[in-house]
Every structure is written in C-alpha cells, then in structure tokens.
file upload.txt (compact mmCIF, N, CA and C atoms and all ligand atoms)
# COMPACT_ATOMS: atom_id res chain seq x y z
N MET A 125 -19.52 -7.71 -9.03
CA MET A 125 -18.57 -6.88 -8.30
C MET A 125 -19.33 -5.87 -7.45
N GLU A 126 -18.93 -5.78 -6.18
CA GLU A 126 -19.56 -4.83 -5.27
C GLU A 126 -18.68 -3.60 -5.17
N VAL A 127 -18.81 -2.71 -6.12
CA VAL A 127 -18.04 -1.48 -6.08
C VAL A 127 -18.99 -0.29 -6.12
N CYS A 128 -18.50 0.83 -5.56
CA CYS A 128 -19.34 2.02 -5.52
C CYS A 128 -19.38 2.68 -6.91
N ASP A 129 -20.22 3.67 -7.04
CA ASP A 129 -20.36 4.34 -8.33
C ASP A 129 -19.05 4.98 -8.78
N GLY A 130 -18.28 5.53 -7.82
CA GLY A 130 -17.02 6.17 -8.18
C GLY A 130 -16.04 5.19 -8.78
N CYS A 131 -15.96 3.99 -8.19
CA CYS A 131 -15.04 2.98 -8.69
C CYS A 131 -15.51 2.41 -10.02
N SER A 132 -16.78 2.13 -10.14
CA SER A 132 -17.26 1.59 -11.42
C SER A 132 -17.12 2.65 -12.51
N GLY A 133 -17.19 3.92 -12.10
CA GLY A 133 -17.07 4.99 -13.09
C GLY A 133 -15.66 5.19 -13.60
N ILE A 134 -14.66 4.89 -12.75
CA ILE A 134 -13.27 5.13 -13.16
C ILE A 134 -12.65 3.88 -13.78
N ASN A 135 -13.25 2.74 -13.59
CA ASN A 135 -12.70 1.50 -14.14
C ASN A 135 -12.63 1.57 -15.66
N GLY A 136 -11.41 1.37 -16.20
CA GLY A 136 -11.22 1.40 -17.64
C GLY A 136 -10.95 2.77 -18.22
N ARG A 137 -10.93 3.81 -17.36
CA ARG A 137 -10.67 5.16 -17.86
C ARG A 137 -9.18 5.36 -18.07
N PRO A 138 -8.75 6.28 -18.93
CA PRO A 138 -7.33 6.55 -19.13
C PRO A 138 -6.67 7.08 -17.85
N VAL A 139 -5.36 6.86 -17.72
CA VAL A 139 -4.68 7.25 -16.48
C VAL A 139 -4.62 8.76 -16.29
N ASP A 140 -4.80 9.52 -17.34
CA ASP A 140 -4.73 10.97 -17.13
C ASP A 140 -6.00 11.53 -16.50
N VAL A 141 -6.99 10.68 -16.32
CA VAL A 141 -8.16 11.07 -15.52
C VAL A 141 -7.72 11.17 -14.07
N GLN A 142 -8.06 12.27 -13.41
CA GLN A 142 -7.63 12.44 -12.03
C GLN A 142 -8.35 11.48 -11.09
N ARG A 143 -7.66 11.13 -10.00
CA ARG A 143 -8.23 10.18 -9.06
C ARG A 143 -9.44 10.78 -8.34
N GLN A 144 -10.25 9.89 -7.84
CA GLN A 144 -11.43 10.30 -7.11
C GLN A 144 -11.04 10.71 -5.69
N GLU A 145 -11.89 11.51 -5.07
CA GLU A 145 -11.62 12.02 -3.72
C GLU A 145 -11.48 10.89 -2.69
N HIS A 146 -12.23 9.84 -2.85
CA HIS A 146 -12.29 8.81 -1.82
C HIS A 146 -11.25 7.72 -1.99
N LEU A 147 -10.29 7.90 -2.90
CA LEU A 147 -9.25 6.90 -3.11
C LEU A 147 -7.99 7.27 -2.33
N THR A 148 -7.44 6.29 -1.62
CA THR A 148 -6.22 6.48 -0.84
C THR A 148 -5.09 5.70 -1.49
N LEU A 149 -3.98 6.39 -1.73
CA LEU A 149 -2.82 5.73 -2.33
C LEU A 149 -2.23 4.75 -1.33
N ILE A 150 -2.11 3.48 -1.70
CA ILE A 150 -1.58 2.46 -0.78
C ILE A 150 -0.26 1.88 -1.26
N GLY A 151 0.14 2.14 -2.49
CA GLY A 151 1.42 1.60 -2.92
C GLY A 151 1.75 2.02 -4.34
N VAL A 152 3.05 2.02 -4.65
CA VAL A 152 3.48 2.33 -6.01
C VAL A 152 4.50 1.30 -6.44
N ALA A 153 4.64 1.12 -7.73
CA ALA A 153 5.66 0.24 -8.28
C ALA A 153 6.47 1.03 -9.30
N GLU A 154 7.80 0.90 -9.20
CA GLU A 154 8.67 1.59 -10.12
C GLU A 154 9.58 0.58 -10.80
N CYS A 155 10.02 0.93 -12.01
CA CYS A 155 10.99 0.12 -12.73
C CYS A 155 12.04 1.07 -13.31
N ASN A 156 13.28 0.92 -12.88
CA ASN A 156 14.37 1.79 -13.33
C ASN A 156 14.05 3.26 -13.11
N GLY A 157 13.42 3.55 -11.97
CA GLY A 157 13.13 4.93 -11.61
C GLY A 157 11.91 5.50 -12.29
N THR A 158 11.23 4.71 -13.11
CA THR A 158 10.01 5.18 -13.77
C THR A 158 8.79 4.61 -13.06
N LEU A 159 7.85 5.47 -12.79
CA LEU A 159 6.63 5.03 -12.15
C LEU A 159 5.84 4.12 -13.09
N VAL A 160 5.58 2.92 -12.63
CA VAL A 160 4.87 1.95 -13.47
C VAL A 160 3.38 1.92 -13.12
N LEU A 161 3.11 1.80 -11.84
CA LEU A 161 1.70 1.81 -11.46
C LEU A 161 1.52 2.27 -10.02
N GLU A 162 0.31 2.68 -9.72
CA GLU A 162 -0.09 3.05 -8.37
C GLU A 162 -1.27 2.16 -7.98
N HIS A 163 -1.32 1.86 -6.69
CA HIS A 163 -2.47 1.12 -6.16
C HIS A 163 -3.22 2.03 -5.19
N TYR A 164 -4.51 2.02 -5.32
CA TYR A 164 -5.36 2.80 -4.43
C TYR A 164 -6.38 1.89 -3.77
N ARG A 165 -6.81 2.30 -2.57
CA ARG A 165 -7.95 1.65 -1.94
C ARG A 165 -9.07 2.66 -1.81
N CYS A 166 -10.25 2.20 -2.13
CA CYS A 166 -11.42 3.06 -2.03
C CYS A 166 -11.91 3.11 -0.59
N ASP A 167 -12.10 4.32 -0.07
CA ASP A 167 -12.58 4.46 1.30
C ASP A 167 -14.06 4.10 1.43
N LYS A 168 -14.74 4.07 0.35
CA LYS A 168 -16.18 3.77 0.40
C LYS A 168 -16.46 2.27 0.32
N CYS A 169 -15.97 1.63 -0.76
CA CYS A 169 -16.34 0.22 -0.98
C CYS A 169 -15.17 -0.71 -0.75
N ARG A 170 -13.97 -0.18 -0.42
CA ARG A 170 -12.79 -0.97 -0.09
C ARG A 170 -12.19 -1.70 -1.29
N ALA A 171 -12.60 -1.39 -2.47
CA ALA A 171 -12.00 -2.00 -3.65
C ALA A 171 -10.56 -1.52 -3.80
N VAL A 172 -9.72 -2.34 -4.41
CA VAL A 172 -8.35 -1.96 -4.75
C VAL A 172 -8.31 -1.66 -6.23
N ILE A 173 -7.73 -0.50 -6.55
CA ILE A 173 -7.71 -0.03 -7.92
C ILE A 173 -6.28 0.23 -8.34
N ALA A 174 -5.91 -0.23 -9.52
CA ALA A 174 -4.58 0.00 -10.07
C ALA A 174 -4.65 1.09 -11.13
N ARG A 175 -3.61 1.93 -11.14
CA ARG A 175 -3.49 2.98 -12.15
C ARG A 175 -2.16 2.73 -12.86
N GLN A 176 -2.22 2.22 -14.08
CA GLN A 176 -1.01 1.79 -14.78
C GLN A 176 -0.56 2.86 -15.77
N PHE A 177 0.75 3.19 -15.69
CA PHE A 177 1.29 4.29 -16.49
C PHE A 177 2.09 3.83 -17.70
N THR A 178 2.32 2.54 -17.81
CA THR A 178 3.15 2.05 -18.91
C THR A 178 2.37 1.07 -19.78
N GLY A 179 2.92 0.79 -20.95
CA GLY A 179 2.29 -0.16 -21.85
C GLY A 179 1.58 0.55 -23.00
N ASP A 180 0.82 -0.23 -23.74
CA ASP A 180 0.06 0.34 -24.85
C ASP A 180 -1.06 1.22 -24.30
N SER A 181 -1.63 2.02 -25.17
CA SER A 181 -2.62 2.99 -24.72
C SER A 181 -3.81 2.31 -24.06
N ASP A 182 -4.15 1.12 -24.52
CA ASP A 182 -5.29 0.45 -23.90
C ASP A 182 -4.92 -0.23 -22.58
N GLU A 183 -3.62 -0.19 -22.22
CA GLU A 183 -3.18 -0.71 -20.93
C GLU A 183 -2.98 0.39 -19.91
N ARG A 184 -2.86 1.63 -20.38
CA ARG A 184 -2.62 2.75 -19.46
C ARG A 184 -3.96 3.27 -18.95
N ILE A 185 -4.52 2.49 -18.08
CA ILE A 185 -5.87 2.78 -17.60
C ILE A 185 -5.97 2.56 -16.09
N TRP A 186 -7.05 3.02 -15.54
CA TRP A 186 -7.46 2.66 -14.19
C TRP A 186 -8.20 1.32 -14.28
N SER A 187 -7.94 0.42 -13.34
CA SER A 187 -8.71 -0.81 -13.35
C SER A 187 -8.93 -1.33 -11.93
N VAL A 188 -10.12 -1.73 -11.65
CA VAL A 188 -10.45 -2.35 -10.36
C VAL A 188 -9.88 -3.76 -10.37
N ILE A 189 -8.95 -4.05 -9.45
CA ILE A 189 -8.30 -5.35 -9.46
C ILE A 189 -8.76 -6.24 -8.33
N GLU A 190 -9.43 -5.67 -7.32
CA GLU A 190 -9.87 -6.49 -6.20
C GLU A 190 -11.06 -5.79 -5.57
N THR A 191 -12.05 -6.58 -5.20
CA THR A 191 -13.22 -5.99 -4.56
C THR A 191 -13.44 -6.62 -3.21
N ALA A 192 -13.99 -5.84 -2.29
CA ALA A 192 -14.30 -6.34 -0.96
C ALA A 192 -15.54 -7.22 -1.02
N HIS A 193 -15.65 -8.11 -0.03
CA HIS A 193 -16.82 -8.99 -0.02
C HIS A 193 -17.78 -8.59 1.09
ZN ZN A 201 -15.34 2.54 -4.38
call {"tool": "encode", "arguments": {"input": "upload.txt", "output": "structure tokens", "more": "lines below"}}
Ligand SMILES: [Zn+2]
result
Amino acid sequence: MEVCDGCSGINGRPVDVQRQEHLTLIGVAECNGTLVLEHYRCDKCRAVIARQFTGDSDERIWSVIETAH
C-alpha cells in the first residue's frame, strides 16, 4: 500500500481519534438519521479512508479502503 505516514498512522485507530489535517471529507452515509460512516480523501497520498461509527468496538475504526497507484 502506498500511503503516507498520516494515513498508515490512523489506519485501525478508534473513531474518536480526531481526523488528520490533510484529510478532506468527501462523503457521508446515514441510516435512519444516524451517521454511519464518513469517507475522506487524503490530500497527500490520495488514499480513501473510511471512518465507521457503528458496529462492534473493533468495527468503529478508521480504515484505509482504497489507495492511489
Ligand atoms: Zn495519506
């Protein structure tokens, strides 16, 4: 995976960790008015990162879901 240090550092962290400066919010998903997840794009390495707010504690994490080539 070609991701910058900021993205590799936040991958797998709990959602209550604040987002990095270089991440731009590109989309959100809601279910019944509850925020389910946010998608961010990294301005540095162009990776797409998901921030999931629902599910078990080990699912409520930041995760890199797509990397630029
Ligand atoms: Zn990055």
call {"tool": "atom_distance", "arguments": {"input": "upload.txt", "atom1": "atom C of Gly157 (chain A)", "atom2": "atom N of Arg175 (chain A)"}}
result
16.0 Å
call {"tool": "closest_residue", "arguments": {"input": "upload.txt", "among": "A:Gln142, A:Gly130, A:Gly136, A:Asp167", "to": "Ile189 (chain A)", "atoms": "only C-alpha atoms"}}
result
A:Gly136
call {"tool": "residues_around", "arguments": {"input": "upload.txt", "residues": "Leu161 (chain A)", "least_positions_apart": "5", "cutoff": "6 Å", "atoms": "only C-alpha atoms", "output": "ChimeraX atom specification"}}
result
/A:152-153,175-177
call {"tool": "residues_near_point", "arguments": {"input": "upload.txt", "point": "(-2.9, -0.8, -3.0)", "cutoff": "6.5 Å", "atoms": "all atoms listed in the file", "output": "list in words"}}
result
Leu149, Ile150, Gly151, Glu162, His163, Tyr164, Arg165, Val172 and Ile173 of chain A
call {"tool": "closest_atom_pairs", "arguments": {"input": "upload.txt", "of": "chain A", "to": "ligand ZN 201 (chain A)", "cutoff": "8 Å", "atoms": "only N, CA and C atoms and all ligand atoms", "output": "Markdown table"}}
result
| residue | atom | partner | partner_atom | distance |
| --- | --- | --- | --- | --- |
| A:Glu126 | C | A:ZN201 | ZN | 7.0 |
| A:Val127 | C | A:ZN201 | ZN | 4.9 |
| A:Cys128 | N | A:ZN201 | ZN | 3.8 |
| A:Asp129 | N | A:ZN201 | ZN | 5.7 |
| A:Gly130 | C | A:ZN201 | ZN | 5.2 |
| A:Cys131 | N | A:ZN201 | ZN | 4.1 |
| A:Ser132 | N | A:ZN201 | ZN | 6.0 |
| A:His146 | C | A:ZN201 | ZN | 7.0 |
| A:Leu147 | N | A:ZN201 | ZN | 7.5 |
| A:Arg165 | C | A:ZN201 | ZN | 6.8 |
| A:Cys166 | CA | A:ZN201 | ZN | 4.6 |
| A:Asp167 | N | A:ZN201 | ZN | 5.7 |
| A:Lys168 | C | A:ZN201 | ZN | 4.8 |
| A:Cys169 | N | A:ZN201 | ZN | 3.8 |
| A:Arg170 | N | A:ZN201 | ZN | 5.0 |
| A:Ala171 | N | A:ZN201 | ZN | 5.2 |
| A:Val172 | N | A:ZN201 | ZN | 7.4 |
call {"tool": "atom_distance", "arguments": {"input": "upload.txt", "atom1": "CA of Ala192 (chain A)", "atom2": "CA of Gly179 (chain A)"}}
result
27.4 Å
call {"tool": "select_by_dssp", "arguments": {"input": "upload.txt", "residues": "region 154-187 of chain A", "states": "strand (DSSP E)", "output": "ChimeraX atom specification"}}
result
/A:154-155,158-166,172-176,186-187
call {"tool": "closest_residue", "arguments": {"input": "upload.txt", "among": "A:Cys155, A:Ile185, A:Val160, A:Ala174", "to": "Val141 (chain A)", "atoms": "only C-alpha atoms"}}
result
A:Ile185
call {"tool": "atom_distance", "arguments": {"input": "upload.txt", "atom1": "atom C of Arg184 (chain A)", "atom2": "atom C of Gln144 (chain A)"}}
result
16.8 Å
